[in-house]
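What's in work.txt: compact mmCIF, C-alpha atoms
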```txt
# COMPACT_ATOMS: atom_id res chain seq x y z
CA MET A 1 85.94 165.48 151.29
CA SER A 2 87.83 163.54 148.63
CA ALA A 3 88.83 159.98 149.30
CA ALA A 4 92.47 159.20 149.78
CA PRO A 5 94.09 157.66 146.70
CA ASN A 6 94.48 153.91 146.75
CA ARG A 7 97.94 152.85 147.65
CA ARG A 8 99.46 149.55 146.69
CA PRO A 9 100.10 147.42 149.75
CA PHE A 10 103.73 146.87 150.63
CA ASP A 11 104.93 143.61 149.06
CA ALA A 12 107.75 142.29 151.24
CA GLY A 13 108.50 139.46 148.83
CA ARG A 14 108.92 141.79 145.84
CA ALA A 15 111.05 144.18 147.90
CA ALA A 16 113.32 141.32 148.97
CA TYR A 17 113.53 140.12 145.37
CA LEU A 18 114.53 143.57 144.11
CA ALA A 19 117.03 144.01 146.94
CA LEU A 20 118.62 140.65 146.19
CA ASN A 21 118.90 141.50 142.49
CA ALA A 22 120.46 144.86 143.36
CA LEU A 23 123.02 143.12 145.60
CA LEU A 24 123.87 140.58 142.90
CA LEU A 25 124.20 143.32 140.28
CA GLY A 26 126.43 145.34 142.58
CA PHE A 27 128.55 142.27 143.30
CA LEU A 28 129.01 141.64 139.57
CA LEU A 29 129.82 145.27 138.76
CA LEU A 30 132.15 145.85 141.72
CA PRO A 31 135.24 144.32 140.02
CA ILE A 32 134.64 146.50 136.95
CA ALA A 33 134.39 149.57 139.17
CA ILE A 34 137.66 148.67 140.89
CA VAL A 35 139.40 148.14 137.53
CA LEU A 36 138.08 151.50 136.31
CA VAL A 37 139.41 153.26 139.43
CA PHE A 38 142.78 151.54 138.95
CA ALA A 39 142.87 152.56 135.28
CA LEU A 40 142.15 156.22 136.05
CA ASN A 41 144.34 156.44 139.14
CA PRO A 42 147.61 158.35 138.49
CA THR A 43 149.57 156.15 140.92
CA PRO A 44 150.86 152.70 139.85
CA TYR A 45 148.84 151.06 142.61
CA ILE A 46 145.23 151.07 143.79
CA SER A 47 144.49 153.69 146.41
CA PHE A 48 141.19 154.50 148.08
CA PRO A 49 140.09 157.17 147.94
CA PRO A 50 141.73 157.89 144.56
CA VAL A 51 144.30 160.65 144.64
CA GLY A 52 143.22 161.99 141.26
CA VAL A 53 142.17 161.16 137.72
CA SER A 54 144.63 160.53 134.94
CA LEU A 55 144.68 158.93 131.48
CA ARG A 56 148.37 158.08 131.70
CA TRP A 57 147.74 154.33 131.76
CA PHE A 58 145.49 154.46 128.70
CA GLU A 59 148.19 156.48 126.96
CA LYS A 60 150.78 153.89 127.95
CA PHE A 61 148.58 151.10 126.64
CA PHE A 62 147.85 152.73 123.28
CA THR A 63 151.44 153.85 122.72
CA ASN A 64 152.97 150.47 123.54
CA ALA A 65 153.73 148.62 120.30
CA GLU A 66 153.53 145.20 121.94
CA PHE A 67 150.09 145.92 123.37
CA MET A 68 148.82 147.29 120.05
CA ASN A 69 150.12 144.36 118.00
CA ALA A 70 148.49 141.95 120.44
CA LEU A 71 145.23 143.92 120.39
CA TRP A 72 144.99 143.90 116.59
CA LEU A 73 145.89 140.21 116.45
CA SER A 74 143.19 139.40 119.01
CA LEU A 75 140.63 141.48 117.11
CA TRP A 76 141.53 139.85 113.80
CA VAL A 77 141.43 136.32 115.22
CA ALA A 78 138.13 137.01 117.02
CA THR A 79 136.57 138.42 113.84
CA VAL A 80 137.56 135.38 111.78
CA VAL A 81 136.35 133.09 114.57
CA LEU A 82 133.06 135.01 114.62
CA VAL A 83 132.45 134.34 110.93
CA LEU A 84 133.54 130.69 111.07
CA SER A 85 131.53 130.01 114.21
CA ILE A 86 128.37 131.50 112.72
CA VAL A 87 128.68 129.46 109.52
CA ILE A 88 129.67 126.18 111.19
CA GLY A 89 127.44 126.56 114.25
CA ALA A 90 124.32 127.51 112.30
CA ALA A 91 124.84 124.64 109.85
CA CYS A 92 125.32 122.14 112.69
CA ALA A 93 122.27 123.45 114.54
CA LEU A 94 120.09 123.13 111.44
CA ALA A 95 121.37 119.61 110.84
CA LEU A 96 120.66 118.62 114.45
CA ALA A 97 117.22 120.21 114.50
CA ARG A 98 116.03 119.33 111.00
CA GLY A 99 117.98 116.29 109.91
CA SER A 100 116.79 112.85 110.89
CA LEU A 101 120.21 111.97 112.22
CA PRO A 102 120.67 108.77 114.23
CA GLY A 103 121.88 109.43 117.74
CA ARG A 104 121.05 113.12 117.61
CA ALA A 105 121.35 113.47 121.40
CA VAL A 106 124.83 111.93 121.28
CA LEU A 107 125.85 114.26 118.44
CA THR A 108 124.54 117.27 120.34
CA ALA A 109 126.54 116.26 123.41
CA PHE A 110 129.61 115.76 121.20
CA PHE A 111 129.34 119.26 119.72
CA MET A 112 128.84 120.70 123.21
CA SER A 113 131.80 118.80 124.66
CA PRO A 114 134.32 121.67 124.27
CA LEU A 115 132.32 123.51 126.92
CA MET A 116 132.68 120.60 129.34
CA VAL A 117 136.44 120.13 128.99
CA PRO A 118 138.68 122.67 130.78
CA ALA A 119 140.08 125.06 128.21
CA ILE A 120 143.63 124.52 129.43
CA LEU A 121 143.34 120.80 128.61
CA THR A 122 141.96 121.66 125.18
CA GLY A 123 144.91 123.96 124.55
CA LEU A 124 147.41 121.36 125.72
CA ALA A 125 145.83 118.63 123.59
CA LEU A 126 145.80 120.82 120.47
CA PHE A 127 149.38 121.91 121.14
CA GLN A 128 150.54 118.28 121.26
CA ALA A 129 148.47 117.37 118.20
CA TYR A 130 149.92 120.26 116.17
CA LEU A 131 153.49 119.42 117.14
CA LEU A 132 153.13 115.67 116.52
CA SER A 133 151.62 116.32 113.08
CA GLY A 134 154.37 118.80 112.19
CA ILE A 135 151.99 121.75 111.88
CA GLY A 136 153.69 123.88 114.48
CA ARG A 137 151.86 126.90 115.83
CA PRO A 138 150.55 128.92 112.87
CA VAL A 139 147.92 131.63 113.25
CA TRP A 140 145.35 129.52 111.43
CA GLY A 141 145.90 126.83 114.05
CA LEU A 142 145.06 129.37 116.75
CA ILE A 143 141.93 130.37 114.80
CA ALA A 144 140.90 126.72 114.47
CA ALA A 145 141.34 126.19 118.20
CA HIS A 146 139.28 129.26 119.08
CA THR A 147 136.60 128.19 116.62
CA LEU A 148 136.44 124.78 118.26
CA VAL A 149 135.72 126.42 121.61
CA ALA A 150 133.33 129.06 120.22
CA VAL A 151 131.11 126.96 117.92
CA PRO A 152 129.10 125.37 120.77
CA TYR A 153 127.79 128.80 121.78
CA VAL A 154 126.34 129.38 118.30
CA ILE A 155 124.89 125.88 118.21
CA ARG A 156 123.19 126.30 121.56
CA THR A 157 121.63 129.70 120.84
CA THR A 158 120.52 128.66 117.34
CA LEU A 159 118.96 125.45 118.65
CA ALA A 160 117.04 127.53 121.18
CA VAL A 161 115.45 129.50 118.33
CA LEU A 162 114.81 126.42 116.17
CA HIS A 163 113.07 124.72 119.09
CA ASN A 164 110.06 127.06 118.71
CA PHE A 165 110.36 127.50 114.96
CA ASP A 166 107.09 127.14 113.01
CA ARG A 167 107.99 125.21 109.88
CA ARG A 168 104.61 125.98 108.32
CA ILE A 169 106.06 129.36 107.33
CA GLU A 170 108.70 127.63 105.22
CA GLU A 171 106.10 125.27 103.77
CA ALA A 172 103.91 128.20 102.81
CA ALA A 173 106.81 129.89 101.04
CA ALA A 174 107.60 126.65 99.18
CA VAL A 175 103.96 126.23 98.14
CA LEU A 176 103.99 129.76 96.73
CA GLY A 177 106.85 128.74 94.45
CA ALA A 178 110.00 129.76 96.35
CA SER A 179 113.04 127.59 95.74
CA PRO A 180 114.75 125.89 98.71
CA VAL A 181 117.62 128.38 98.53
CA ARG A 182 115.24 131.33 98.50
CA VAL A 183 113.23 129.86 101.37
CA PHE A 184 116.39 129.57 103.43
CA PHE A 185 117.73 133.07 102.79
CA GLU A 186 114.40 134.91 102.86
CA VAL A 187 112.45 132.93 105.46
CA THR A 188 114.58 130.61 107.59
CA LEU A 189 117.67 132.76 108.04
CA PRO A 190 115.83 135.97 109.07
CA LEU A 191 113.84 134.01 111.66
CA ILE A 192 116.84 132.28 113.23
CA ARG A 193 119.02 135.40 112.99
CA PRO A 194 118.61 136.36 116.68
CA GLY A 195 120.01 133.01 117.81
CA VAL A 196 122.82 133.04 115.26
CA PHE A 197 123.84 136.61 116.08
CA ALA A 198 123.64 136.04 119.83
CA GLY A 199 125.89 133.00 119.48
CA GLY A 200 128.22 135.05 117.31
CA VAL A 201 128.54 137.65 120.07
CA PHE A 202 129.49 134.93 122.54
CA ALA A 203 131.95 133.49 120.00
CA PHE A 204 133.65 136.87 119.49
CA ILE A 205 133.97 137.56 123.22
CA VAL A 206 135.16 134.03 124.02
CA SER A 207 137.81 134.22 121.31
CA PHE A 208 138.97 137.73 122.19
CA ASP A 209 139.33 136.89 125.90
CA GLN A 210 140.61 133.35 125.37
CA PHE A 211 143.69 132.74 127.48
CA PRO A 212 144.19 129.01 128.31
CA VAL A 213 144.01 127.82 124.69
CA SER A 214 146.03 130.76 123.35
CA LEU A 215 148.77 130.26 125.94
CA PHE A 216 149.82 126.97 124.26
CA LEU A 217 149.36 128.00 120.64
CA VAL A 218 150.87 131.47 120.27
CA VAL A 219 154.45 132.17 119.25
CA PRO A 220 156.81 134.92 120.45
CA LYS A 221 156.00 138.27 118.81
CA GLY A 222 152.66 136.77 117.77
CA GLU A 223 150.79 136.69 121.06
CA THR A 224 147.19 137.65 121.70
CA LEU A 225 146.30 140.37 124.16
CA PRO A 226 145.43 138.09 127.13
CA VAL A 227 148.80 136.31 126.82
CA VAL A 228 150.69 139.61 126.55
CA LEU A 229 148.92 140.92 129.65
CA PHE A 230 149.75 137.72 131.52
CA ASN A 231 153.43 138.04 130.65
CA TYR A 232 153.38 141.74 131.50
CA MET A 233 151.99 141.07 134.97
CA LYS A 234 154.86 138.70 135.74
CA PHE A 235 157.34 141.57 135.64
CA ASP A 236 155.24 144.68 136.25
CA LEU A 237 151.81 145.51 137.65
CA ASP A 238 150.51 148.98 137.06
CA GLY A 239 147.48 150.76 135.69
CA ALA A 240 148.23 149.71 132.11
CA ILE A 241 146.74 146.31 132.96
CA ALA A 242 143.56 147.98 134.15
CA ALA A 243 143.46 150.20 131.08
CA ALA A 244 143.76 147.12 128.84
CA SER A 245 140.96 145.46 130.80
CA MET A 246 138.70 148.49 130.32
CA VAL A 247 139.42 148.46 126.59
CA SER A 248 138.40 144.79 126.47
CA ILE A 249 135.19 145.52 128.40
CA LEU A 250 134.34 148.42 126.10
CA LEU A 251 134.93 146.22 123.04
CA ALA A 252 132.58 143.57 124.41
CA LEU A 253 130.00 146.26 125.15
CA SER A 254 130.39 147.60 121.61
CA VAL A 255 129.62 144.16 120.19
CA VAL A 256 126.44 143.99 122.26
CA LEU A 257 125.44 147.48 121.05
CA VAL A 258 125.98 146.37 117.47
CA LEU A 259 123.67 143.45 118.18
CA GLU A 260 121.10 145.90 119.50
CA ARG A 261 121.29 147.88 116.28
CA LEU A 262 120.98 144.78 114.12
CA ILE A 263 118.29 142.70 115.82
CA GLY A 264 117.33 144.51 119.02
CA LEU A 265 118.10 143.56 122.59
CA LYS A 266 114.57 142.25 123.12
CA ALA A 267 115.18 139.52 120.58
CA TYR A 268 118.50 138.79 122.29
CA VAL A 269 116.90 138.52 125.75
CA LYS A 270 114.27 136.05 124.54
CA LEU A 271 116.92 133.40 123.90
```
Take the structure in the file and write it out as structure tokens.
Amino acid sequence: MSAAPNRRPFDAGRAAYLALNALLLGFLLLPIAIVLVFALNPTPYISFPPVGVSLRWFEKFFTNAEFMNALWLSLWVATVVLVLSIVIGAACALALARGSLPGRAVLTAFFMSPLMVPAILTGLALFQAYLLSGIGRPVWGLIAAHTLVAVPYVIRTTLAVLHNFDRRIEEAAAVLGASPVRVFFEVTLPLIRPGVFAGGVFAFIVSFDQFPVSLFLVVPKGETLPVVLFNYMKFDLDGAIAAASMVSILLALSVVLVLERLIGLKAYVKL
């Protein structure tokens, strides 16, 4: 008679842990599910159960010139902010981690300060500064404001990688005859790339979804998508808002998938 296979004893603690994680995940995904139902619902209001499935709100979003102009402006601003944030944030992180700077802790806190100040106050302060200096509200001013808010994300993720960086690899490359520039581009940069790219993803998403700062710095007929949606909701509330939200979510997801293709999600999760 064969012995019964060994069964793992029931672990109540692990079961509770998994159940709690499932509840938290469901709580986080529930708003997205509601927005998706609203976007696909043919009626201009949320109804449960849904009365049908329709793409009319996506069609309204993509055929609305104001929505499309705002979408392309947001994408363009977020792309420029992504590049600027990566360059500035990576340089600042290297200076903080490698440079023998006096008061490094104070400098780190200073660079992180945009995360501590409410974004609406940052937007108001920049709005007053631009007007008092006679700059007005140009697009490059909006890009500069978004970059100010986004750079701390790149600094933080890059510093996390540099914290465990083995500098002996760079020293070995230098001993073998590599110039400082070659060491940076062929040794340092590939090793810190996960942190830089992860911060860049945060910078893109923060810029694309930025509302408080943009609210003060955009001009009529030159508004970003969050501001256009805010103004739209003041006069109308239908499924086009949900469709725009789903487009934003899919864009953010696409950026993460690009990151997966470039450096792998495992490298991203380690940060």
* With a distance cut-off of 10 Å and only C-alpha atoms, select the neighbouring residues of segment 212-222 of chain A, excluding the residue or stretch itself and same-chain residues fewer than 6 positions from it, and output the selection as a list in words. =>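 Once the nearby chain positions are removed, what remains is Glu66, Asn69, Ala70, Leu73, Ser74, Pro118, Ala119, Ile120, Leu121, Thr122, Gly123, Leu124, Ala125, Leu126, Phe127, Gln128, Tyr130, Gly136, Arg137, Pro138, Val139, Gly141, Leu142, Ile143, Ala145, His146, Val149, Val228 and Phe230 of chain A.
Of note, atom CA of Pro44 of chain A and atom CA of Lys60 of chain A are spaced 12.0 Å apart.
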* **Selected residue of minimal separation from Ser207 of chain A among A:Leu29, A:Ala172, A:Val77, A:Met68, counting only C-alpha atoms** =>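 When distances to Ser207 of chain A are compared using only C-alpha atoms, the smallest one comes from A:Val77.
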* To do: For each of A:Val201, A:Leu253, A:Leu162, A:Ala95, take the minimum atom-to-atom distance to Thr79 of chain A, counting all atoms listed in the file, then give the residue where this is smallest.
  => A:Val201
* A:Leu55, A:Ala12, A:Leu96, A:Leu148 ranked by distance to Val117 of chain A, top pick (using all atoms listed in the file) ->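 Looking at the shortest contact to Val117 of chain A, the residue is A:Leu148.
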Please report as JSON lines every residue of segment 78-170 of chain A lying within 12 Å of segment 177-187 of chain A, along with the nearest atom pair and their distance in Å (one decimal), using all atoms listed in the file.
```
{"residue": "A:Ala91", "atom": "CA", "partner": "A:Phe184", "partner_atom": "CA", "distance": 11.7}
{"residue": "A:Leu94", "atom": "CA", "partner": "A:Phe184", "partner_atom": "CA", "distance": 10.9}
{"residue": "A:Phe165", "atom": "CA", "partner": "A:Val187", "partner_atom": "CA", "distance": 11.1}
{"residue": "A:Asp166", "atom": "CA", "partner": "A:Val187", "partner_atom": "CA", "distance": 10.9}
{"residue": "A:Arg167", "atom": "CA", "partner": "A:Val187", "partner_atom": "CA", "distance": 10.0}
{"residue": "A:Arg168", "atom": "CA", "partner": "A:Val187", "partner_atom": "CA", "distance": 10.9}
{"residue": "A:Ile169", "atom": "CA", "partner": "A:Val187", "partner_atom": "CA", "distance": 7.6}
{"residue": "A:Glu170", "atom": "CA", "partner": "A:Val183", "partner_atom": "CA", "distance": 6.3}
```
Kindly export the residues of the current selection with C-alpha atoms, as a short mmCIF file (atom, residue, chain, number, x, y, z; two decimals), keeping the file's coordinate frame.
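Printed below is selection-v3.cif as written:
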```
data_model
loop_
_atom_site.label_atom_id
_atom_site.label_comp_id
_atom_site.auth_asym_id
_atom_site.auth_seq_id
_atom_site.Cartn_x
_atom_site.Cartn_y
_atom_site.Cartn_z
CA ALA A 91 124.84 124.64 109.85
CA LEU A 94 120.09 123.13 111.44
CA PHE A 165 110.36 127.50 114.96
CA ASP A 166 107.09 127.14 113.01
CA ARG A 167 107.99 125.21 109.88
CA ARG A 168 104.61 125.98 108.32
CA ILE A 169 106.06 129.36 107.33
CA GLU A 170 108.70 127.63 105.22
#
```
